[in-house]
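Here's entry.cif, which has mmCIF, C-alpha atoms:
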data_structure
loop_
_atom_site.label_atom_id
_atom_site.label_comp_id
_atom_site.auth_asym_id
_atom_site.auth_seq_id
_atom_site.Cartn_x
_atom_site.Cartn_y
_atom_site.Cartn_z
CA MET P 1 0.00 0.00 0.00
CA ILE P 2 1.38 3.37 -1.07
CA GLU P 3 -0.17 6.40 0.59
CA PHE P 4 0.22 10.05 -0.38
CA ASP P 5 -1.10 12.33 2.30
CA GLY P 6 -1.55 16.01 1.44
CA ILE P 7 1.52 16.09 -0.79
CA GLY P 8 2.76 19.45 -2.02
CA HIS P 9 6.07 20.09 -3.73
CA ALA P 10 7.95 23.02 -5.21
CA TYR P 11 11.31 23.33 -6.96
CA GLY P 12 12.27 26.80 -5.76
CA GLU P 13 9.42 29.09 -6.77
CA ARG P 14 7.89 26.60 -9.18
CA VAL P 15 5.10 24.60 -7.57
CA VAL P 16 4.86 21.15 -9.15
CA LEU P 17 2.41 19.35 -6.85
CA HIS P 18 -0.60 20.66 -4.92
CA ASP P 19 -2.32 18.76 -2.20
CA VAL P 20 -2.22 15.23 -3.61
CA ASP P 21 -4.05 12.55 -1.60
CA LEU P 22 -3.89 9.00 -2.92
CA ARG P 23 -4.06 5.48 -1.51
CA LEU P 24 -2.70 2.96 -3.97
CA ALA P 25 -3.38 -0.67 -3.15
CA GLU P 26 -4.03 -1.94 -6.68
CA ARG P 27 -1.49 -4.19 -8.40
CA ARG P 28 -1.22 -2.03 -11.53
CA VAL P 29 -1.41 1.73 -11.17
CA ALA P 30 -0.48 4.35 -13.78
CA PHE P 31 0.29 8.04 -13.43
CA VAL P 32 -0.64 9.75 -16.66
CA GLY P 33 -0.11 13.38 -17.55
CA ALA P 34 1.62 15.83 -19.84
CA ASN P 35 5.25 16.90 -19.43
CA GLY P 36 5.52 19.00 -16.28
CA SER P 37 2.32 17.63 -14.76
CA GLY P 38 4.20 16.45 -11.67
CA LYS P 39 3.81 12.71 -12.32
CA SER P 40 7.56 11.94 -12.25
CA THR P 41 8.07 13.95 -9.07
CA LEU P 42 5.23 12.06 -7.40
CA ALA P 43 6.72 8.72 -8.47
CA ARG P 44 10.16 9.71 -7.14
CA MET P 45 8.65 10.27 -3.70
CA VAL P 46 7.75 6.59 -3.44
CA ASN P 47 11.37 5.59 -2.83
CA GLY P 48 12.58 8.81 -1.28
CA LEU P 49 14.48 10.20 -4.29
CA VAL P 50 12.43 13.36 -3.81
CA ARG P 51 11.17 14.48 -0.42
CA PRO P 52 7.83 16.27 -0.44
CA SER P 53 7.88 19.94 0.63
CA SER P 54 4.69 19.26 2.56
CA GLY P 55 2.64 16.20 3.39
CA ARG P 56 3.75 12.63 3.89
CA VAL P 57 4.30 9.48 1.84
CA LEU P 58 3.97 6.02 3.37
CA VAL P 59 4.99 2.74 1.72
CA ASP P 60 3.51 -0.10 3.74
CA GLY P 61 3.53 2.28 6.69
CA ILE P 62 7.17 3.39 6.28
CA ASP P 63 8.05 6.98 5.43
CA PRO P 64 10.68 7.08 2.61
CA ALA P 65 11.75 10.59 3.59
CA ARG P 66 12.88 9.26 6.98
CA HIS P 67 13.71 5.63 6.33
CA GLY P 68 14.94 5.83 2.75
CA ARG P 69 17.12 2.76 2.98
CA LYS P 70 14.36 0.55 4.34
CA VAL P 71 11.95 1.68 1.64
CA ARG P 72 14.47 1.34 -1.18
CA GLU P 73 15.01 -2.28 -0.18
CA ARG P 74 11.41 -2.99 -1.14
CA VAL P 75 10.84 -0.44 -3.91
CA GLY P 76 12.69 -0.81 -7.22
CA PHE P 77 12.87 2.17 -9.58
CA LEU P 78 13.27 1.94 -13.33
CA PHE P 79 14.27 5.10 -15.19
CA THR P 80 13.75 6.18 -18.78
CA ASN P 81 17.34 5.96 -19.91
CA PRO P 82 19.07 2.62 -19.24
CA ASP P 83 22.46 4.17 -20.09
CA SER P 84 22.44 6.08 -16.84
CA GLN P 85 21.26 3.11 -14.78
CA ILE P 86 23.77 0.54 -15.91
CA VAL P 87 26.87 1.21 -13.85
CA MET P 88 29.03 -1.86 -14.39
CA PRO P 89 30.87 -2.84 -17.56
CA THR P 90 29.17 -6.18 -18.15
CA ALA P 91 25.54 -7.28 -17.85
CA GLY P 92 26.28 -9.98 -15.27
CA GLU P 93 28.27 -7.59 -13.10
CA ASP P 94 25.63 -4.93 -13.26
CA VAL P 95 23.00 -7.32 -11.92
CA ALA P 96 25.45 -8.64 -9.32
CA PHE P 97 26.19 -5.04 -8.30
CA SER P 98 22.66 -4.79 -6.91
CA LEU P 99 23.49 -7.64 -4.53
CA ARG P 100 26.64 -6.13 -3.03
CA GLY P 101 26.25 -5.78 0.69
CA SER P 102 23.75 -8.64 0.72
CA GLY P 103 26.34 -10.82 2.44
CA LEU P 104 26.28 -13.34 -0.41
CA SER P 105 29.51 -14.76 -1.81
CA ALA P 106 30.74 -13.54 -5.19
CA GLN P 107 29.85 -16.89 -6.76
CA GLU P 108 26.34 -16.81 -5.34
CA ARG P 109 25.87 -13.23 -6.58
CA ALA P 110 27.04 -14.24 -10.05
CA ARG P 111 24.76 -17.30 -9.98
CA ARG P 112 21.68 -15.26 -9.04
CA ALA P 113 22.55 -12.62 -11.63
CA ALA P 114 22.82 -15.31 -14.32
CA ALA P 115 19.48 -16.80 -13.25
CA VAL P 116 17.64 -13.46 -13.51
CA LEU P 117 19.26 -12.70 -16.87
CA ALA P 118 18.23 -16.13 -18.17
CA GLU P 119 14.66 -15.51 -17.04
CA HIS P 120 14.52 -12.47 -19.32
CA ASN P 121 16.19 -14.01 -22.36
CA LEU P 122 19.51 -12.35 -21.66
CA ASP P 123 21.34 -15.59 -20.93
CA GLY P 124 24.65 -15.63 -22.70
CA TYR P 125 25.02 -11.89 -22.20
CA ALA P 126 26.42 -12.09 -18.65
CA ASP P 127 29.98 -11.38 -19.89
CA HIS P 128 28.83 -9.11 -22.66
CA PRO P 129 29.76 -5.39 -22.46
CA ALA P 130 26.53 -3.84 -21.21
CA HIS P 131 26.81 -0.83 -23.47
CA HIS P 132 26.90 -2.96 -26.58
CA LEU P 133 23.41 -4.33 -25.93
CA SER P 134 20.50 -3.00 -27.98
CA GLY P 135 18.21 -0.37 -26.46
CA GLY P 136 15.53 -2.93 -25.65
CA GLN P 137 18.05 -5.32 -24.09
CA LYS P 138 19.55 -2.51 -22.02
CA GLN P 139 16.18 -1.63 -20.53
CA LEU P 140 15.59 -5.34 -19.76
CA LEU P 141 19.03 -5.47 -18.12
CA ALA P 142 18.15 -2.44 -15.99
CA LEU P 143 14.95 -4.27 -15.01
CA CYS P 144 16.91 -7.46 -14.17
CA SER P 145 19.21 -5.44 -11.92
CA ILE P 146 16.14 -4.37 -9.96
CA LEU P 147 14.28 -7.68 -9.96
CA VAL P 148 17.28 -9.61 -8.61
CA LEU P 149 16.55 -7.87 -5.29
CA GLU P 150 12.95 -9.17 -5.32
CA PRO P 151 11.26 -5.86 -4.45
CA ASP P 152 7.57 -5.65 -3.49
CA VAL P 153 6.95 -2.53 -5.57
CA LEU P 154 8.32 -1.47 -8.94
CA VAL P 155 8.11 2.18 -10.00
CA CYS P 156 8.78 2.80 -13.71
CA ASP P 157 9.32 6.34 -14.98
CA GLU P 158 8.47 6.39 -18.69
CA PRO P 159 10.42 3.18 -19.27
CA THR P 160 9.52 2.81 -22.95
CA THR P 161 10.20 6.34 -24.21
CA LEU P 162 13.51 5.32 -25.81
CA LEU P 163 12.30 1.95 -27.11
CA ASP P 164 10.96 1.14 -30.56
CA HIS P 165 7.50 -0.29 -31.05
CA ARG P 166 8.49 -3.96 -30.90
CA ASN P 167 10.62 -3.56 -27.79
CA THR P 168 7.90 -1.50 -26.15
CA LYS P 169 5.41 -4.31 -26.77
CA HIS P 170 7.80 -6.86 -25.33
CA PHE P 171 8.52 -4.68 -22.34
CA VAL P 172 4.81 -4.26 -21.61
CA GLU P 173 4.40 -8.04 -21.70
CA VAL P 174 7.28 -8.50 -19.29
CA LEU P 175 5.81 -5.89 -16.98
CA ALA P 176 2.39 -7.57 -17.09
CA GLY P 177 3.93 -10.86 -16.00
CA LEU P 178 5.60 -9.49 -12.86
CA SER P 179 4.28 -10.37 -9.41
CA GLN P 180 5.21 -6.94 -8.01
CA GLN P 181 2.90 -4.00 -7.51
CA VAL P 182 3.72 -1.71 -10.42
CA VAL P 183 3.44 2.08 -10.54
CA LEU P 184 3.95 3.16 -14.13
CA VAL P 185 4.54 6.78 -15.11
CA THR P 186 3.76 7.32 -18.76
CA HIS P 187 2.17 9.41 -21.44
CA ASP P 188 1.93 6.44 -23.78
CA LEU P 189 -1.68 5.43 -23.30
CA ASP P 190 -1.22 2.16 -25.21
CA LEU P 191 0.69 0.69 -22.28
CA LEU P 192 -2.29 0.63 -19.96
CA ASP P 193 -4.16 -2.52 -21.00
CA GLY P 194 -4.83 -4.60 -17.94
CA PHE P 195 -4.18 -1.76 -15.51
CA ASP P 196 -6.40 -1.53 -12.44
CA ARG P 197 -6.27 2.20 -11.92
CA VAL P 198 -5.15 5.32 -13.77
CA VAL P 199 -4.40 8.59 -12.02
CA VAL P 200 -4.39 11.60 -14.34
CA LEU P 201 -2.28 14.58 -13.23
CA ASP P 202 -2.42 18.06 -14.65
CA GLU P 203 -0.40 21.02 -13.40
CA GLY P 204 0.37 19.26 -10.16
CA ARG P 205 -3.16 18.18 -9.28
CA VAL P 206 -5.01 14.89 -9.56
CA VAL P 207 -7.73 15.65 -12.09
CA ALA P 208 -8.98 12.10 -12.66
CA ASP P 209 -8.59 8.86 -10.75
CA ASP P 210 -10.49 5.95 -12.19
CA LEU P 211 -10.46 2.73 -14.17
CA PRO P 212 -8.30 3.10 -17.29
CA GLU P 213 -11.14 3.60 -19.73
CA PRO P 214 -12.95 6.58 -18.12
CA ALA P 215 -9.68 8.10 -16.88
CA LEU P 216 -8.14 7.98 -20.34
CA ARG P 217 -11.31 9.35 -21.93
CA PHE P 218 -11.00 12.30 -19.54
CA TYR P 219 -7.28 12.68 -20.31
CA ARG P 220 -7.84 12.68 -24.07
CA LYS P 221 -10.44 15.41 -23.66
CA LEU P 222 -8.06 17.36 -21.42
CA VAL P 223 -5.20 17.38 -23.95
CA GLY P 224 -7.63 18.03 -26.77
CA MET Z 225 35.47 5.48 -31.12
CA ASN Z 226 36.69 5.03 -27.59
CA PRO Z 227 39.90 7.01 -27.18
CA LEU Z 228 41.29 4.41 -24.79
CA GLY Z 229 40.64 1.66 -27.31
CA LEU Z 230 38.23 -1.12 -26.58
CA TYR Z 231 38.99 -4.66 -25.59
CA GLN Z 232 40.08 -6.74 -28.56
CA PRO Z 233 39.28 -10.38 -27.76
CA GLY Z 234 42.21 -12.73 -28.27
CA SER Z 235 44.28 -15.49 -26.72
CA SER Z 236 47.82 -14.14 -27.18
CA PRO Z 237 50.35 -14.29 -24.31
CA LEU Z 238 49.58 -10.62 -23.66
CA HIS Z 239 45.87 -11.38 -23.28
CA ARG Z 240 46.59 -14.24 -20.91
CA LEU Z 241 49.09 -12.38 -18.72
CA GLY Z 242 47.68 -11.44 -15.29
CA VAL Z 243 46.15 -7.97 -15.03
CA GLY Z 244 48.38 -7.10 -12.07
CA TRP Z 245 51.55 -7.91 -14.05
CA LYS Z 246 50.39 -5.94 -17.05
CA LEU Z 247 49.52 -2.93 -14.93
CA LEU Z 248 52.89 -3.14 -13.18
CA ALA Z 249 54.69 -3.37 -16.53
CA LEU Z 250 52.75 -0.36 -17.76
CA LEU Z 251 53.73 1.66 -14.69
CA VAL Z 252 57.40 0.65 -14.98
CA LEU Z 253 57.43 1.49 -18.68
CA ALA Z 254 55.73 4.86 -18.15
CA SER Z 255 58.12 5.87 -15.36
CA GLY Z 256 61.03 4.43 -17.35
CA THR Z 257 60.39 6.79 -20.24
CA PHE Z 258 60.80 9.71 -17.87
CA VAL Z 259 64.14 8.39 -16.60
CA LEU Z 260 65.45 7.85 -20.11
CA SER Z 261 66.40 10.99 -21.99
CA SER Z 262 68.25 9.57 -24.97
CA PRO Z 263 66.14 9.62 -28.15
CA VAL Z 264 67.79 6.36 -29.23
CA TRP Z 265 66.71 4.44 -26.13
CA LEU Z 266 63.26 5.99 -26.24
CA GLY Z 267 63.07 4.86 -29.84
CA VAL Z 268 63.88 1.33 -28.64
CA VAL Z 269 61.04 1.53 -26.12
CA VAL Z 270 58.61 2.69 -28.83
CA ALA Z 271 59.74 -0.20 -31.03
CA ALA Z 272 59.25 -2.65 -28.15
CA VAL Z 273 55.68 -1.40 -27.59
CA ALA Z 274 55.02 -1.67 -31.33
CA LEU Z 275 56.28 -5.26 -31.14
CA GLY Z 276 53.74 -5.79 -28.36
CA PHE Z 277 50.92 -4.97 -30.79
CA VAL Z 278 52.30 -7.65 -33.12
CA VAL Z 279 52.58 -10.22 -30.30
CA ALA Z 280 48.99 -9.45 -29.20
CA ARG Z 281 47.87 -9.97 -32.84
CA ILE Z 282 45.87 -6.75 -32.85
CA PRO Z 283 44.22 -6.42 -36.28
CA LEU Z 284 45.84 -3.77 -38.51
CA ARG Z 285 42.65 -1.72 -38.57
CA ARG Z 286 42.69 -1.39 -34.77
CA CYS Z 287 46.45 -0.65 -34.80
CA TRP Z 288 45.90 2.13 -37.28
CA ALA Z 289 43.03 3.62 -35.25
CA ALA Z 290 45.19 3.52 -32.11
CA ALA Z 291 48.22 4.97 -33.91
CA ARG Z 292 46.18 7.82 -35.32
CA GLY Z 293 44.92 8.81 -31.85
CA VAL Z 294 48.38 8.62 -30.31
CA LEU Z 295 50.15 10.41 -33.15
CA VAL Z 296 47.75 13.36 -33.20
CA ILE Z 297 48.37 14.06 -29.51
CA ALA Z 298 52.14 13.43 -29.83
CA ALA Z 299 52.42 15.65 -32.91
CA PHE Z 300 50.62 18.49 -31.16
CA LEU Z 301 52.86 18.26 -28.09
CA PHE Z 302 55.95 17.91 -30.30
CA LEU Z 303 55.15 21.11 -32.20
CA VAL Z 304 54.42 23.08 -29.04
CA GLN Z 305 57.65 21.86 -27.39
CA TRP Z 306 59.68 22.54 -30.53
CA TRP Z 307 58.40 26.08 -30.57
CA LEU Z 308 58.98 26.58 -26.83
CA ILE Z 309 62.25 24.75 -26.08
CA GLY Z 310 63.76 23.39 -29.24
CA LEU Z 311 63.94 20.35 -31.46
CA ASP Z 312 66.01 17.98 -29.28
CA GLN Z 313 63.80 18.27 -26.22
CA ALA Z 314 60.66 18.12 -28.38
CA THR Z 315 61.82 14.82 -29.92
CA VAL Z 316 62.38 13.31 -26.47
CA VAL Z 317 58.97 14.48 -25.21
CA GLY Z 318 57.26 13.27 -28.38
CA LEU Z 319 58.79 9.79 -28.08
CA ARG Z 320 57.88 9.59 -24.40
CA VAL Z 321 54.27 10.45 -25.16
CA ILE Z 322 54.11 7.94 -28.01
CA ALA Z 323 55.62 5.15 -25.87
CA THR Z 324 53.33 5.68 -22.86
CA LEU Z 325 50.11 6.27 -24.79
CA ALA Z 326 50.75 3.32 -27.09
CA ALA Z 327 51.54 1.06 -24.13
CA ALA Z 328 48.37 2.21 -22.32
CA THR Z 329 46.34 1.54 -25.45
CA LEU Z 330 47.88 -1.92 -25.74
CA PHE Z 331 46.93 -2.54 -22.11
CA THR Z 332 43.25 -1.66 -22.68
CA LEU Z 333 43.17 -3.60 -25.96
CA THR Z 334 44.34 -6.78 -24.25
CA THR Z 335 42.59 -6.44 -20.87
CA ARG Z 336 38.92 -6.77 -20.01
CA ILE Z 337 37.63 -3.92 -17.85
CA ASP Z 338 35.92 -6.32 -15.47
CA ALA Z 339 39.28 -8.07 -14.99
CA ILE Z 340 40.79 -4.73 -13.93
CA VAL Z 341 37.88 -4.06 -11.59
CA ALA Z 342 38.08 -7.57 -10.08
CA MET Z 343 41.85 -7.24 -9.62
CA LEU Z 344 41.43 -3.92 -7.79
CA GLU Z 345 38.73 -5.40 -5.58
CA ARG Z 346 41.07 -8.28 -4.67
CA ARG Z 347 44.21 -6.20 -4.13
CA LEU Z 348 42.43 -3.56 -2.08
CA ALA Z 349 40.76 -6.09 0.22
CA PRO Z 350 43.52 -5.83 2.88
CA LEU Z 351 42.89 -2.06 3.09
CA ARG Z 352 39.42 -2.79 4.44
CA ARG Z 353 40.71 -2.41 7.99
CA PHE Z 354 41.75 1.17 7.22
CA GLY Z 355 38.22 2.05 6.16
CA VAL Z 356 38.73 1.63 2.40
CA ARG Z 357 35.75 -0.09 0.79
CA PRO Z 358 37.12 -2.10 -2.15
CA GLY Z 359 33.65 -2.40 -3.68
CA ASP Z 360 33.35 1.38 -3.84
CA VAL Z 361 36.78 1.78 -5.43
CA ALA Z 362 35.92 -0.89 -8.00
CA LEU Z 363 32.63 0.90 -8.71
CA LEU Z 364 34.55 4.15 -9.16
CA VAL Z 365 36.86 2.56 -11.71
CA GLY Z 366 33.93 0.91 -13.49
CA LEU Z 367 32.14 4.26 -13.65
CA MET Z 368 35.27 5.95 -14.94
CA PHE Z 369 35.45 3.58 -17.89
CA GLN Z 370 31.71 3.98 -18.43
CA ALA Z 371 32.17 7.76 -18.37
CA VAL Z 372 34.73 7.58 -21.17
CA THR Z 373 32.30 5.60 -23.33
CA THR Z 374 29.37 7.86 -22.47
CA LEU Z 375 31.24 11.12 -23.05
CA THR Z 376 32.55 9.85 -26.37
CA ARG Z 377 29.01 8.95 -27.41
CA ILE Z 378 27.60 12.30 -26.29
CA ALA Z 379 30.39 14.21 -28.06
CA GLY Z 380 29.72 12.23 -31.24
CA GLU Z 381 25.98 12.94 -31.10
CA VAL Z 382 26.54 16.63 -30.41
CA ARG Z 383 28.95 16.85 -33.34
CA GLU Z 384 26.35 15.22 -35.59
CA ALA Z 385 23.67 17.67 -34.48
CA GLN Z 386 26.11 20.52 -35.05
CA ARG Z 387 26.82 19.32 -38.57
CA ALA Z 388 23.11 18.93 -39.29
CA ARG Z 389 22.66 22.59 -38.43
CA GLY Z 390 25.72 23.67 -40.40
CA ALA Z 391 27.52 24.96 -37.31
CA GLU Z 392 30.68 22.82 -37.48
CA ARG Z 393 33.03 25.65 -36.64
CA SER Z 394 31.17 27.06 -33.70
CA VAL Z 395 32.86 26.21 -30.39
CA VAL Z 396 29.75 27.32 -28.50
CA ALA Z 397 27.51 25.01 -30.53
CA PHE Z 398 29.73 22.13 -29.41
CA ALA Z 399 30.63 23.06 -25.84
CA VAL Z 400 27.22 24.12 -24.55
CA PRO Z 401 25.20 21.02 -25.50
CA LEU Z 402 28.12 18.78 -24.50
CA LEU Z 403 28.24 20.37 -21.07
CA VAL Z 404 24.47 20.38 -20.59
CA ARG Z 405 24.12 16.73 -21.60
CA THR Z 406 27.10 15.66 -19.50
CA VAL Z 407 25.70 17.34 -16.42
CA ARG Z 408 22.29 15.83 -17.09
CA HIS Z 409 23.86 12.39 -17.47
CA ALA Z 410 25.67 12.86 -14.15
CA ASP Z 411 22.37 13.83 -12.53
CA GLU Z 412 20.57 10.78 -13.88
CA LEU Z 413 23.43 8.49 -12.92
CA GLY Z 414 23.45 9.84 -9.38
CA GLU Z 415 19.71 9.36 -9.10
CA ALA Z 416 19.93 5.80 -10.43
CA LEU Z 417 22.73 4.96 -7.96
CA ALA Z 418 20.65 6.37 -5.11
CA ALA Z 419 17.63 4.34 -6.24
CA ARG Z 420 19.79 1.20 -6.26
CA GLY Z 421 20.72 1.80 -2.65
CA MET Z 422 24.22 3.24 -3.14
CA GLY Z 423 24.88 5.46 -0.13
CA ASP Z 424 22.36 3.55 1.96
CA ARG Z 425 25.08 1.22 3.17
#
Will you turn the file into structure tokens for me?
Amino acid sequence: MIEFDGIGHAYGERVVLHDVDLRLAERRVAFVGANGSGKSTLARMVNGLVRPSSGRVLVDGIDPARHGRKVRERVGFLFTNPDSQIVMPTAGEDVAFSLRGSGLSAQERARRAAAVLAEHNLDGYADHPAHHLSGGQKQLLALCSILVLEPDVLVCDEPTTLLDHRNTKHFVEVLAGLSQQVVLVTHDLDLLDGFDRVVVLDEGRVVADDLPEPALRFYRKLVG
Amino acid sequence: MNPLGLYQPGSSPLHRLGVGWKLLALLVLASGTFVLSSPVWLGVVVAAVALGFVVARIPLRRCWAAARGVLVIAAFLFLVQWWLIGLDQATVVGLRVIATLAAATLFTLTTRIDAIVAMLERRLAPLRRFGVRPGDVALLVGLMFQAVTTLTRIAGEVREAQRARGAERSVVAFAVPLLVRTVRHADELGEALAARGMGDR
């Protein structure tokens, strides 16, 4: 359960979120809105990357602003650009990097990394330079590096913006098959089949919060 | 193209030699060129490094790419030194630069980055008791190599955009987007590291 309680946020003078109250218990939730609507900022509050100027966020009762580490252990975050998320030279090492500090031996880390990569059709790429993978493979690798930690929640910030149509489709399928609660930030409305709830943001306010169909109808009308 | 040269897979003796030994040899060679001041001996060192490329069976195409990078830098330094202090000294400096840069290139061509990172992690392990975290140092080195690749890619893309707008000669049209994109990349990288729990431990 992710709770936003009277959230307001400003970057300097620029107010990006006003008084947002949400309780997200559904398995598949999307934040939809135009650029600058505040949806990314809201998503970043879930794992404490951004602290709200006012109000409080709770993830299963824990406040990310105060207990960032504890929350980040259960919330994975996938960004738009895999190039800035992949920090190690090879795919296997990048996944294993997530497990450092887990107390596992190097062999066990490598074994788990290989298992996760194999699950997402990246077996055989463990020793492959990560930056030579295709765009779609890189985003899957970034996802593997998160999933290896078995989080309860996965927040994705426009994860398909840099992908082509085919890779986007594949990525959506992968996402649909995950057991985690997913919070997806997007302005690509085609990604939302099978979602339980869509929150539409506009200029920092929740303007619609409904099942995908009525929420998206509202959003389409909003953007004209 | 990566200015440091990318790993060229192979099974030559140079590929199989331990990373630690190669790094040590590179350090000795680099310091050696600063002890030597005879152009003849420096020439011998350059020839020895060139022989290394042959032993490592680096394809000619890669050799040429490496040589071009090294020679451009060496030629520039040579001309500046010639103008400032004279021909003899400039020759010595030029040969030193060629020897060290070529040897460093040979090192990266024959060594996997993850092998370097793993070696550092192993060698630094005893320093744990002084508060050094080998994992962090290894991450730093990994990120450094990643930064070279990323900056090269960004510079290439910026240059393309510049050409598309017909602004090849404008320094501003190159420097400003390069800087902006580099800073943005650093921001995103920092955010991603934070999200992955770096700094939490």
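Atom CA of Z:Val268 sits 13.7 Å away from atom CA of Z:Thr315.
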Item to check | Neighbours of point (29.3, -6.4, -21.3) within 10 Å, using only C-alpha atoms, written as a VMD selection string | outcome: (chain P and resid 88 to 94 125 to 133) or (chain Z and resid 336 to 338)
Show me a table, sorted first by chain and then by increasing residue number, of the residues of chain Z having an atom at most 12 Å from chain P, each with its shortest atom pair and the distance in Å to one decimal, counting all atoms listed in the file and written as a tab-separated table.
residue	atom	partner	partner_atom	distance
Z:Leu230	CA	P:Pro129	CA	10.3
Z:Tyr231	CA	P:Pro129	CA	9.8
Z:Pro233	CA	P:His128	CA	11.7
Z:Arg336	CA	P:Pro89	CA	9.3
Z:Ile337	CA	P:Pro89	CA	6.9
Z:Asp338	CA	P:Pro89	CA	6.5
Z:Ala339	CA	P:Pro89	CA	10.2
Z:Ile340	CA	P:Pro89	CA	10.7
Z:Val341	CA	P:Pro89	CA	9.3
Z:Ala342	CA	P:Glu93	CA	10.3
Z:Glu345	CA	P:Ala106	CA	11.4
Z:Arg346	CA	P:Ala106	CA	11.6
Z:Arg357	CA	P:Gly101	CA	11.1
Z:Pro358	CA	P:Arg100	CA	11.3
Z:Gly359	CA	P:Arg100	CA	8.0
Z:Asp360	CA	P:Arg100	CA	10.1
Z:Ala362	CA	P:Met88	CA	9.4
Z:Leu363	CA	P:Met88	CA	7.3
Z:Leu364	CA	P:Val87	CA	9.5
Z:Val365	CA	P:Met88	CA	9.4
Z:Gly366	CA	P:Met88	CA	5.7
Z:Leu367	CA	P:Val87	CA	6.1
Z:Met368	CA	P:Val87	CA	9.7
Z:Phe369	CA	P:Pro89	CA	7.9
Z:Gln370	CA	P:Pro89	CA	6.9
Z:Ala371	CA	P:Val87	CA	9.6
Z:Val372	CA	P:Pro89	CA	11.7
Z:Thr373	CA	P:His131	CA	8.5
Z:Thr374	CA	P:Asp83	CA	8.2
Z:Leu375	CA	P:Asp83	CA	11.6
Z:Arg377	CA	P:His131	CA	10.8
Z:Ile378	CA	P:Asp83	CA	11.4
Z:Arg405	CA	P:Ser84	CA	11.8
Z:Thr406	CA	P:Ser84	CA	11.0
Z:Val407	CA	P:Ser84	CA	11.7
Z:Arg408	CA	P:Ser84	CA	9.8
Z:His409	CA	P:Ser84	CA	6.5
Z:Ala410	CA	P:Ser84	CA	8.0
Z:Asp411	CA	P:Ser84	CA	8.9
Z:Glu412	CA	P:Ser84	CA	5.9
Z:Leu413	CA	P:Ser84	CA	4.7
Z:Gly414	CA	P:Ser84	CA	8.4
Z:Glu415	CA	P:Leu49	CA	7.2
Z:Ala416	CA	P:Gln85	CA	5.3
Z:Leu417	CA	P:Gln85	CA	7.2
Z:Ala418	CA	P:Leu49	CA	7.3
Z:Ala419	CA	P:Phe77	CA	6.2
Z:Arg420	CA	P:Ser98	CA	6.7
Z:Gly421	CA	P:Arg72	CA	6.4
Z:Met422	CA	P:Ser98	CA	9.0
Z:Gly423	CA	P:Arg69	CA	8.8
Z:Asp424	CA	P:Arg69	CA	5.4
Z:Arg425	CA	P:Gly101	CA	7.5
Item to check | Picked residues, the PyMOL selection byres ((chain Z and resi 317) around 12), expected as a ChimeraX atom specification | outcome: /Z:257-263,266-267,297-306,309-316,318-324
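Taking atom CA of Z:Pro283 and atom CA of Z:Ala379 as the two end points, the separation is 26.2 Å.
Atom pair atom CA of P:Pro52 / atom CA of P:Asp196: separated by 25.8 Å.
This file, filtered with the PyMOL selection byres ((chain P and resi 42) around 9), gives the residues Phe4, Ile7, His9, Leu17, Val20, Phe31, Gly38, Lys39, Ser40, Thr41, Ala43, Arg44, Met45, Val46, Val50 and Pro52 of chain P.
Compared by their closest atoms to P:Met1, and using all atoms listed in the file, the residues P:Arg27, P:Arg197, P:His187, P:His18 rank with P:Arg27 nearest.
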Taking the partial coordinates given, rebuild stretch 388-397 of chain Z to contain N, CA and C atoms; return it as a compact mmCIF listing (two decimals), in the coordinates of the input.
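As written to disk, part-v6.txt reads:
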# COMPACT_ATOMS: atom_id res chain seq x y z
N ALA Z 388 24.44 18.87 -38.68
CA ALA Z 388 23.11 18.93 -39.29
C ALA Z 388 22.63 20.37 -39.36
N ARG Z 389 23.09 21.19 -38.42
CA ARG Z 389 22.66 22.59 -38.43
C ARG Z 389 23.67 23.49 -39.13
N GLY Z 390 24.72 22.89 -39.68
CA GLY Z 390 25.72 23.67 -40.40
C GLY Z 390 26.54 24.55 -39.50
N ALA Z 391 26.77 24.12 -38.25
CA ALA Z 391 27.52 24.96 -37.31
C ALA Z 391 28.80 24.28 -36.86
N GLU Z 392 29.49 23.60 -37.83
CA GLU Z 392 30.68 22.82 -37.48
C GLU Z 392 31.76 23.62 -36.78
N ARG Z 393 31.90 24.88 -37.14
CA ARG Z 393 33.03 25.65 -36.64
C ARG Z 393 32.75 26.36 -35.33
N SER Z 394 31.51 26.33 -34.91
CA SER Z 394 31.17 27.06 -33.70
C SER Z 394 31.57 26.27 -32.45
N VAL Z 395 32.45 26.87 -31.63
CA VAL Z 395 32.86 26.21 -30.39
C VAL Z 395 31.68 26.16 -29.42
N VAL Z 396 30.90 27.24 -29.41
CA VAL Z 396 29.75 27.32 -28.50
C VAL Z 396 28.75 26.22 -28.82
N ALA Z 397 28.49 26.01 -30.12
CA ALA Z 397 27.51 25.01 -30.53
C ALA Z 397 27.96 23.61 -30.15
